[in-house]
Structure formats: structure tokens, C-alpha cells
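Participant: Contents are compact mmCIF, C-alpha atoms; file name start_24.txt:
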```
# COMPACT_ATOMS: atom_id res chain seq x y z
CA MET B 1031 129.88 308.38 -39.38
CA GLU B 1032 126.18 308.16 -40.17
CA GLY B 1033 124.37 305.37 -38.41
CA PHE B 1034 121.43 303.92 -36.57
CA GLN B 1035 122.16 301.86 -33.49
CA GLU B 1036 119.69 299.11 -34.42
CA PRO B 1037 118.58 297.45 -37.68
CA ILE B 1038 116.23 299.68 -39.63
CA GLU B 1039 114.04 299.60 -42.71
CA ARG B 1040 116.10 300.80 -45.68
CA ARG B 1041 113.42 301.21 -48.37
CA ILE B 1042 111.73 304.54 -47.91
CA ASP B 1043 108.53 303.44 -49.69
CA ARG B 1044 107.99 300.90 -46.90
CA MET B 1045 108.08 303.64 -44.25
CA THR B 1046 105.33 305.89 -43.03
CA SER B 1047 105.81 309.60 -43.55
CA ALA B 1048 106.60 310.05 -39.87
CA THR B 1049 109.12 307.19 -39.90
CA PHE B 1050 110.80 308.67 -42.97
CA ALA B 1051 111.07 312.08 -41.30
CA GLU B 1052 112.89 310.47 -38.37
CA ALA B 1053 115.07 308.21 -40.52
CA ILE B 1054 116.47 311.04 -42.63
CA LYS B 1055 117.64 312.82 -39.49
CA SER B 1056 120.05 309.99 -38.78
CA CYS B 1057 120.83 308.72 -42.27
CA GLY B 1058 121.44 311.38 -44.89
CA THR B 1059 122.58 309.16 -47.77
CA LEU B 1060 120.10 307.90 -50.35
CA ILE B 1061 120.67 305.30 -53.06
CA ILE B 1062 118.48 305.70 -56.16
CA PRO B 1063 118.50 302.40 -58.07
CA LEU B 1064 118.12 302.56 -61.86
CA GLY B 1065 117.05 299.47 -63.78
CA SER B 1066 115.75 298.61 -67.23
CA VAL B 1067 113.36 296.28 -69.01
CA GLU B 1068 115.19 294.89 -72.03
CA GLU B 1069 116.12 291.88 -74.08
CA THR B 1070 118.88 289.87 -72.39
CA GLY B 1071 119.05 286.81 -74.61
CA ASN B 1072 116.70 283.84 -74.71
CA HIS B 1073 117.54 282.79 -71.16
CA CYS B 1074 117.45 285.87 -68.90
CA PRO B 1075 114.23 287.76 -68.02
CA LEU B 1076 113.50 291.19 -69.42
CA GLY B 1077 113.76 292.66 -65.94
CA THR B 1078 117.24 291.36 -65.11
CA ASP B 1079 118.67 294.86 -64.59
CA LEU B 1080 115.61 295.84 -62.59
CA PHE B 1081 115.67 293.05 -60.03
CA VAL B 1082 119.44 293.37 -59.69
CA ALA B 1083 119.02 297.11 -59.03
CA GLU B 1084 116.40 296.45 -56.38
CA SER B 1085 118.19 293.63 -54.57
CA ALA B 1086 121.81 294.77 -54.78
CA SER B 1087 121.00 298.33 -53.72
CA LEU B 1088 119.45 297.09 -50.48
CA ARG B 1089 122.48 294.92 -49.71
CA ILE B 1090 124.81 297.83 -50.39
CA ALA B 1091 122.66 300.06 -48.20
CA GLU B 1092 123.05 297.67 -45.27
CA LYS B 1093 126.83 297.70 -45.60
CA ALA B 1094 127.24 301.42 -46.30
CA ASN B 1095 124.39 302.60 -44.04
CA CYS B 1096 122.14 304.28 -46.62
CA LEU B 1097 118.46 304.55 -47.32
CA VAL B 1098 117.09 303.35 -50.66
CA SER B 1099 114.38 304.72 -52.95
CA PRO B 1100 112.14 302.47 -55.04
CA PRO B 1101 113.96 301.60 -58.28
CA ILE B 1102 113.29 303.55 -61.44
CA PRO B 1103 112.35 300.60 -63.66
CA PHE B 1104 112.97 301.82 -67.21
CA GLY B 1105 116.08 303.12 -68.95
CA ASP B 1106 117.68 304.29 -72.16
CA THR B 1107 117.60 301.08 -74.21
CA TYR B 1108 117.62 302.71 -77.63
CA GLU B 1109 120.20 300.34 -79.11
CA LEU B 1110 118.12 297.32 -78.05
CA ASP B 1111 114.73 298.56 -79.19
CA PHE B 1112 114.18 295.80 -81.75
CA TRP B 1113 113.03 292.85 -79.58
CA PRO B 1114 109.62 292.17 -78.02
CA GLY B 1115 109.24 293.42 -74.47
CA ASN B 1116 111.98 296.04 -74.64
CA VAL B 1117 111.00 299.35 -73.03
CA HIS B 1118 112.93 302.45 -74.11
CA VAL B 1119 112.69 305.95 -72.65
CA ASP B 1120 114.37 308.70 -74.68
CA ALA B 1121 117.37 310.15 -72.89
CA PRO B 1122 116.01 313.73 -72.49
CA ILE B 1123 112.79 312.43 -70.91
CA LEU B 1124 114.57 309.88 -68.75
CA GLY B 1125 117.17 312.40 -67.62
CA ALA B 1126 114.50 314.92 -66.68
CA TYR B 1127 112.58 312.28 -64.74
CA ILE B 1128 115.64 311.09 -62.79
CA GLU B 1129 116.53 314.72 -62.08
CA ALA B 1130 113.04 315.47 -60.75
CA VAL B 1131 113.20 312.48 -58.43
CA ALA B 1132 116.68 313.38 -57.18
CA ARG B 1133 115.79 317.03 -56.59
CA SER B 1134 112.73 316.01 -54.62
CA PHE B 1135 114.90 314.01 -52.25
CA VAL B 1136 117.48 316.79 -51.98
CA ARG B 1137 114.74 319.25 -51.02
CA GLN B 1138 113.68 316.88 -48.25
CA GLY B 1139 117.12 316.95 -46.72
CA PHE B 1140 119.29 314.16 -48.07
CA LYS B 1141 122.94 315.20 -47.94
CA ASN B 1142 124.30 312.56 -50.32
CA ILE B 1143 122.71 311.04 -53.42
CA VAL B 1144 124.06 307.82 -54.95
CA PHE B 1145 122.81 306.87 -58.41
CA PHE B 1146 123.03 303.07 -58.61
CA CYS B 1147 122.85 302.34 -62.33
CA CYS B 1148 122.26 298.75 -63.44
CA HIS B 1149 121.95 299.62 -67.12
CA SER B 1150 125.12 301.20 -68.45
CA LEU B 1151 123.52 303.17 -71.28
CA THR B 1152 121.53 305.14 -68.70
CA MET B 1153 124.85 306.33 -67.27
CA LYS B 1154 124.92 308.97 -70.01
CA CYS B 1155 121.87 310.63 -68.42
CA VAL B 1156 123.25 310.12 -64.93
CA ASP B 1157 126.63 311.62 -65.78
CA LEU B 1158 125.10 314.81 -67.16
CA LEU B 1159 122.81 315.16 -64.16
CA CYS B 1160 125.61 314.56 -61.64
CA ARG B 1161 127.77 317.21 -63.28
CA ARG B 1162 124.92 319.70 -63.00
CA LEU B 1163 124.01 318.83 -59.40
CA ASN B 1164 127.64 318.88 -58.33
CA ARG B 1165 128.02 322.38 -59.78
CA GLU B 1166 125.08 323.41 -57.58
CA GLY B 1167 126.74 322.03 -54.47
CA VAL B 1168 124.75 318.78 -54.19
CA LYS B 1169 126.89 315.83 -53.11
CA VAL B 1170 126.35 313.15 -55.74
CA CYS B 1171 128.12 310.06 -57.03
CA ALA B 1172 127.29 307.24 -59.43
CA ILE B 1173 127.94 303.51 -59.57
CA ASP B 1174 127.96 301.68 -62.91
CA TRP B 1175 127.01 298.31 -61.46
CA TRP B 1176 127.96 295.94 -64.27
CA LYS B 1177 131.45 297.41 -64.44
CA VAL B 1178 131.78 296.73 -60.72
CA ALA B 1179 130.56 293.17 -61.29
CA VAL B 1180 133.04 292.67 -64.14
CA ASP B 1181 135.88 293.71 -61.85
CA ALA B 1182 134.60 291.30 -59.19
CA ALA B 1183 134.60 288.41 -61.67
CA ARG B 1184 137.85 289.20 -63.44
CA GLY B 1185 140.22 286.23 -63.47
CA GLU B 1186 137.52 283.80 -62.33
CA THR B 1187 135.49 283.29 -65.51
CA SER B 1188 135.70 280.32 -67.86
CA SER B 1189 133.95 281.36 -71.09
CA ALA B 1190 135.39 283.07 -74.16
CA GLU B 1191 133.27 286.23 -73.79
CA PRO B 1192 132.27 286.28 -70.11
CA PHE B 1193 131.47 289.99 -69.97
CA GLY B 1194 129.04 290.02 -72.88
CA HIS B 1195 125.44 291.17 -72.65
CA GLY B 1196 123.66 288.21 -71.06
CA GLY B 1197 127.03 286.46 -70.79
CA GLU B 1198 128.61 284.45 -68.00
CA VAL B 1199 128.83 287.27 -65.45
CA ILE B 1200 125.35 288.72 -65.94
CA THR B 1201 123.73 285.29 -66.13
CA SER B 1202 125.53 284.02 -63.02
CA ILE B 1203 124.46 287.03 -60.96
CA ALA B 1204 120.90 286.65 -62.25
CA LEU B 1205 121.02 283.00 -61.16
CA ALA B 1206 122.20 284.07 -57.71
CA LEU B 1207 119.29 286.48 -57.28
CA GLU B 1208 116.37 284.97 -59.22
CA PRO B 1209 117.25 281.37 -60.19
CA ASP B 1210 113.65 280.52 -61.09
CA LEU B 1211 113.55 283.25 -63.75
CA VAL B 1212 116.69 282.20 -65.63
CA GLN B 1213 116.15 279.54 -68.32
CA LEU B 1214 119.73 278.45 -68.85
CA THR B 1215 118.87 275.62 -71.26
CA LYS B 1216 117.39 278.18 -73.67
CA ALA B 1217 120.63 280.18 -73.98
CA THR B 1218 121.93 280.33 -77.54
CA ASP B 1219 125.62 280.38 -76.53
CA GLU B 1220 126.39 282.54 -79.53
CA PRO B 1221 129.64 284.46 -80.07
CA SER B 1222 129.46 288.18 -80.70
CA LEU B 1223 129.34 289.38 -84.29
CA PRO B 1224 132.54 290.84 -85.81
CA ALA B 1225 131.28 294.43 -85.64
CA LEU B 1226 131.39 294.42 -81.84
CA SER B 1227 135.18 294.34 -81.65
CA ARG B 1228 135.42 297.36 -83.94
CA ILE B 1229 132.83 299.29 -81.93
CA ASN B 1230 134.67 298.45 -78.70
CA ALA B 1231 137.88 299.79 -80.22
CA HIS B 1232 136.12 303.03 -81.15
CA SER B 1233 134.00 303.72 -78.09
CA LEU B 1234 133.79 306.81 -75.88
CA GLY B 1235 137.23 307.66 -74.59
CA SER B 1236 138.98 306.77 -77.80
CA PRO B 1237 139.93 309.43 -80.38
CA PHE B 1238 137.65 307.97 -83.06
CA ILE B 1239 134.11 306.95 -82.11
CA GLU B 1240 131.68 304.71 -83.99
CA TYR B 1241 128.05 303.92 -83.25
CA ALA B 1242 125.87 300.87 -83.84
CA ASP B 1243 122.90 299.05 -82.35
CA PHE B 1244 122.69 295.59 -80.81
CA ARG B 1245 121.73 293.96 -84.12
CA LYS B 1246 125.36 294.54 -85.12
CA TYR B 1247 126.60 292.84 -81.94
CA CYS B 1248 124.51 289.69 -81.73
CA ILE B 1249 121.49 287.81 -83.04
CA SER B 1250 119.57 286.95 -79.88
CA GLY B 1251 120.24 290.04 -77.75
CA ALA B 1252 123.07 288.35 -75.86
CA TRP B 1253 126.47 286.88 -76.56
CA GLY B 1254 128.84 284.51 -74.79
CA ALA B 1255 128.62 280.82 -73.88
CA VAL B 1256 126.72 280.42 -70.61
CA ARG B 1257 125.14 276.96 -70.50
CA ALA B 1258 128.26 275.24 -69.21
CA THR B 1259 129.87 278.23 -67.47
CA ALA B 1260 127.26 280.38 -65.69
CA SER B 1261 126.31 279.22 -62.22
CA GLN B 1262 124.52 280.36 -59.09
CA GLU B 1263 127.65 279.70 -57.02
CA LYS B 1264 129.77 281.99 -59.19
CA GLY B 1265 127.06 284.63 -59.16
CA GLU B 1266 126.82 284.63 -55.38
CA ARG B 1267 130.58 285.01 -55.03
CA TRP B 1268 130.82 287.84 -57.55
CA LEU B 1269 127.73 289.51 -56.12
CA LEU B 1270 129.25 289.61 -52.64
CA LYS B 1271 132.52 291.03 -53.95
CA ALA B 1272 130.76 293.68 -56.04
CA ILE B 1273 128.47 294.70 -53.18
CA SER B 1274 131.45 295.08 -50.85
CA ALA B 1275 133.32 297.15 -53.42
CA ALA B 1276 130.33 299.44 -53.97
CA ALA B 1277 129.75 299.86 -50.23
CA ASP B 1278 133.43 300.66 -49.67
CA PHE B 1279 133.29 303.28 -52.41
CA ILE B 1280 130.23 304.96 -50.91
CA GLN B 1281 131.79 305.08 -47.46
CA SER B 1282 135.07 306.49 -48.80
CA TRP B 1283 133.29 309.04 -51.01
CA ARG B 1284 131.08 310.15 -48.13
CA GLU B 1285 134.01 310.54 -45.74
CA ASN B 1286 136.03 312.50 -48.30
CA ASN B 1287 133.11 314.86 -48.92
CA SER B 1288 131.94 315.36 -45.35
```
Would you write out, as C-alpha cells, the structure that this file holds?

Facilitator:
Amino acid sequence: MEGFQEPIERRIDRMTSATFAEAIKSCGTLIIPLGSVEETGNHCPLGTDLFVAESASLRIAEKANCLVSPPIPFGDTYELDFWPGNVHVDAPILGAYIEAVARSFVRQGFKNIVFFCCHSLTMKCVDLLCRRLNREGVKVCAIDWWKVAVDAARGETSSAEPFGHGGEVITSIALALEPDLVQLTKATDEPSLPALSRINAHSLGSPFIEYADFRKYCISGAWGAVRATASQEKGERWLLKAISAAADFIQSWRENNS
């Protein structure tokens, strides 16, 4: 099993070149965190996905013994590109950029690349890239973080739509990581619009697929009641469970592909 005998720096951008050259000899797994800057309701900061990507990836790296690249801050937010502050990168450009970064690390000797995606729409780019790299013999895997977090929170939520964008789960984890940035009293506590249920019933994986943007799903950029349900305590509990699940997956995947 890969491992250093003593605590080490995980973020490669905090290393010197010489330190990095030594670190990669002993730790051949790299996590590439992928965030976004997007509308997440009136209560969560634009960079929610970004600071989650940065913080959670480091915690996973400690448990699964990986190194971590600086997060890629922007993502494919096309369906949200109607609110101030949203930053969208077209999928072909974003995919090419992520690929260039990944290939640079592969050339330097990393044996395993983990794409840690904290914005689910970017997974479309990641999936295509992983298929291509895998065909070339590069060992790659991907983690869709918010799906992991949903599994961690399942059965423990108390709102009607806990898994909504900016809902109970996302807001609670944001509170656990950056409580000073979450303005819970400004949450609109709005239900999703009727079109969302139809889109969910006709999403990828179903025989009939529909498409829409976030203006069809909600008014504020988020949905779900959070004022009385989201909490730092819940977020910390779900965060720990999700981090453990992600670390366990990486270790199992690495062992099965060694």
C-alpha cells in the first residue's frame, strides 16, 4: 500500500519542486479537485462548490494517502448562467483544460488520477475524459461529491426537499466548512417549481430525456427549506461520513487496479 511513514504536505502547490519529486516517488495517487463559481441561492456563497472541493479533497487525501492538486475553480454551469456572479466555461474548453492538467501530471509519473468533482454538471466532461484516458491505459476514477454527500445524509434529513440545489444537505455542509460565509437568514425556503419533477423523471439514464435550465427549477437559484433544518452539526456529521466513503472507494479502487 502506498504510504509515507510520517505526516506530509498533501497539496503539491505548497511543495518545492524538489519536495514534489521526492513525494511522487512514495505517493503515486493524485486527487484533482473540481469546483465551480455559481449561484446557490440567496444564502450560500458563489464559491460553495469551490471551497468544498478544496477542503474535502485534503481530508480525503489524508485518509486515502493521496496528494492533491490545486482546485480547478470554474465549471460547466451553463444551466445556471442567468444570475450575477455565475462563471460558466463551455464544456469543450473545460474538458480540454482538465485533460491538459491531468496529462501533465501523468507525464510526471502519477500512477492514479482521481477527479474529485464538486459540481455535478462538470461530470459530463470528466466522464468523457476518463473513458479516453482509461482506453490509453491511464488509471483514472471519478467521484461525484454531492451524490456521495446525499448518500451520507439519507435518512437523517428533516426538510421536504433536502437534496435540492442549495438545500438542507448542501447548506449544512457549507455551514460545517465556512459558517461565516453562509447567510442562513437570507434563504428563501422556496419549493422547487413543478417542471423539476418532470425533468428528474426524464434525465440521463431514462429512455426519454428532457432538458431545461435552472429558471425552470427555481426562482432564487436554490430550492428546499433550510432556515429551520440546515445546521453545522448535521453538516459535520455528513461531511465525515462522505469523506470516509470517498476515501474507502479510492483505497478499494487502487487495490483492485494495482

Participant: Do you know which residues are at most 9 Å from segment 1243-1259 of chain B counting only C-alpha atoms, after dropping those on the same chain fewer than 4 positions away, and could you put them as number ranges by chain?

Facilitator: B: 1069-1072, 1108-1113, 1187-1199, 1201-1202, 1214-1227, 1229

Participant: Mind dumping the selected residues with C-alpha atoms as a PDB file, in the frame of the given file?

Facilitator:
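Dumped everything to part_7.pdb:
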```pdb
ATOM      1  CA  GLU B1069     116.120 291.880 -74.080  1.00  0.00           C
ATOM      2  CA  THR B1070     118.880 289.870 -72.390  1.00  0.00           C
ATOM      3  CA  GLY B1071     119.050 286.810 -74.610  1.00  0.00           C
ATOM      4  CA  ASN B1072     116.700 283.840 -74.710  1.00  0.00           C
ATOM      5  CA  TYR B1108     117.620 302.710 -77.630  1.00  0.00           C
ATOM      6  CA  GLU B1109     120.200 300.340 -79.110  1.00  0.00           C
ATOM      7  CA  LEU B1110     118.120 297.320 -78.050  1.00  0.00           C
ATOM      8  CA  ASP B1111     114.730 298.560 -79.190  1.00  0.00           C
ATOM      9  CA  PHE B1112     114.180 295.800 -81.750  1.00  0.00           C
ATOM     10  CA  TRP B1113     113.030 292.850 -79.580  1.00  0.00           C
ATOM     11  CA  THR B1187     135.490 283.290 -65.510  1.00  0.00           C
ATOM     12  CA  SER B1188     135.700 280.320 -67.860  1.00  0.00           C
ATOM     13  CA  SER B1189     133.950 281.360 -71.090  1.00  0.00           C
ATOM     14  CA  ALA B1190     135.390 283.070 -74.160  1.00  0.00           C
ATOM     15  CA  GLU B1191     133.270 286.230 -73.790  1.00  0.00           C
ATOM     16  CA  PRO B1192     132.270 286.280 -70.110  1.00  0.00           C
ATOM     17  CA  PHE B1193     131.470 289.990 -69.970  1.00  0.00           C
ATOM     18  CA  GLY B1194     129.040 290.020 -72.880  1.00  0.00           C
ATOM     19  CA  HIS B1195     125.440 291.170 -72.650  1.00  0.00           C
ATOM     20  CA  GLY B1196     123.660 288.210 -71.060  1.00  0.00           C
ATOM     21  CA  GLY B1197     127.030 286.460 -70.790  1.00  0.00           C
ATOM     22  CA  GLU B1198     128.610 284.450 -68.000  1.00  0.00           C
ATOM     23  CA  VAL B1199     128.830 287.270 -65.450  1.00  0.00           C
ATOM     24  CA  THR B1201     123.730 285.290 -66.130  1.00  0.00           C
ATOM     25  CA  SER B1202     125.530 284.020 -63.020  1.00  0.00           C
ATOM     26  CA  LEU B1214     119.730 278.450 -68.850  1.00  0.00           C
ATOM     27  CA  THR B1215     118.870 275.620 -71.260  1.00  0.00           C
ATOM     28  CA  LYS B1216     117.390 278.180 -73.670  1.00  0.00           C
ATOM     29  CA  ALA B1217     120.630 280.180 -73.980  1.00  0.00           C
ATOM     30  CA  THR B1218     121.930 280.330 -77.540  1.00  0.00           C
ATOM     31  CA  ASP B1219     125.620 280.380 -76.530  1.00  0.00           C
ATOM     32  CA  GLU B1220     126.390 282.540 -79.530  1.00  0.00           C
ATOM     33  CA  PRO B1221     129.640 284.460 -80.070  1.00  0.00           C
ATOM     34  CA  SER B1222     129.460 288.180 -80.700  1.00  0.00           C
ATOM     35  CA  LEU B1223     129.340 289.380 -84.290  1.00  0.00           C
ATOM     36  CA  PRO B1224     132.540 290.840 -85.810  1.00  0.00           C
ATOM     37  CA  ALA B1225     131.280 294.430 -85.640  1.00  0.00           C
ATOM     38  CA  LEU B1226     131.390 294.420 -81.840  1.00  0.00           C
ATOM     39  CA  SER B1227     135.180 294.340 -81.650  1.00  0.00           C
ATOM     40  CA  ILE B1229     132.830 299.290 -81.930  1.00  0.00           C
TER      41      ILE B1229
END
```

Participant: Which residue out of B:Arg1040, B:Arg1133, B:His1149, B:Lys1154 has the minimum interatomic distance to Asn1095 of chain B when all atoms listed in the file are used?

Facilitator: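 Of B:Arg1040, B:Arg1133, B:His1149, B:Lys1154, the one nearest Asn1095 of chain B, counting all atoms listed in the file, is B:Arg1040.
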
Participant: For Ser1134 of chain B, which of B:Met1045, B:Ala1260, B:Ile1062, B:Cys1074 is the closest residue, counting all atoms listed in the file?

Facilitator: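 Closest to Ser1134 of chain B, using all atoms listed in the file: B:Ile1062.
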
Participant: What gap, in Å, lies between atom CA of Ala1276 of chain B and atom CA of Glu1092 of chain B?

Facilitator: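 It comes out at 11.5 Å.
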
Participant: Smallest atom-to-atom distance to Asp1106 of chain B: which of B:Gln1138, B:Thr1152, B:Ser1085, B:Asn1230, using all atoms listed in the file?

Facilitator: B:Thr1152

Participant: Would you kindly identify which residues have an atom no farther than 12 Å from (119.5, 317.3, -47.2), using only C-alpha atoms and the file's own coordinates, and write them out as an mmCIF file with C-alpha atoms, in the frame of the given file?

Facilitator:
```cif
data_model
loop_
_atom_site.group_PDB
_atom_site.id
_atom_site.type_symbol
_atom_site.label_atom_id
_atom_site.label_comp_id
_atom_site.auth_asym_id
_atom_site.auth_seq_id
_atom_site.Cartn_x
_atom_site.Cartn_y
_atom_site.Cartn_z
ATOM 1 C CA ALA B 1051 111.070 312.080 -41.300
ATOM 2 C CA ILE B 1054 116.470 311.040 -42.630
ATOM 3 C CA LYS B 1055 117.640 312.820 -39.490
ATOM 4 C CA SER B 1056 120.050 309.990 -38.780
ATOM 5 C CA CYS B 1057 120.830 308.720 -42.270
ATOM 6 C CA GLY B 1058 121.440 311.380 -44.890
ATOM 7 C CA THR B 1059 122.580 309.160 -47.770
ATOM 8 C CA LEU B 1060 120.100 307.900 -50.350
ATOM 9 C CA ALA B 1132 116.680 313.380 -57.180
ATOM 10 C CA ARG B 1133 115.790 317.030 -56.590
ATOM 11 C CA SER B 1134 112.730 316.010 -54.620
ATOM 12 C CA PHE B 1135 114.900 314.010 -52.250
ATOM 13 C CA VAL B 1136 117.480 316.790 -51.980
ATOM 14 C CA ARG B 1137 114.740 319.250 -51.020
ATOM 15 C CA GLN B 1138 113.680 316.880 -48.250
ATOM 16 C CA GLY B 1139 117.120 316.950 -46.720
ATOM 17 C CA PHE B 1140 119.290 314.160 -48.070
ATOM 18 C CA LYS B 1141 122.940 315.200 -47.940
ATOM 19 C CA ASN B 1142 124.300 312.560 -50.320
ATOM 20 C CA ILE B 1143 122.710 311.040 -53.420
ATOM 21 C CA GLY B 1167 126.740 322.030 -54.470
ATOM 22 C CA VAL B 1168 124.750 318.780 -54.190
ATOM 23 C CA LYS B 1169 126.890 315.830 -53.110
ATOM 24 C CA VAL B 1170 126.350 313.150 -55.740
#
```
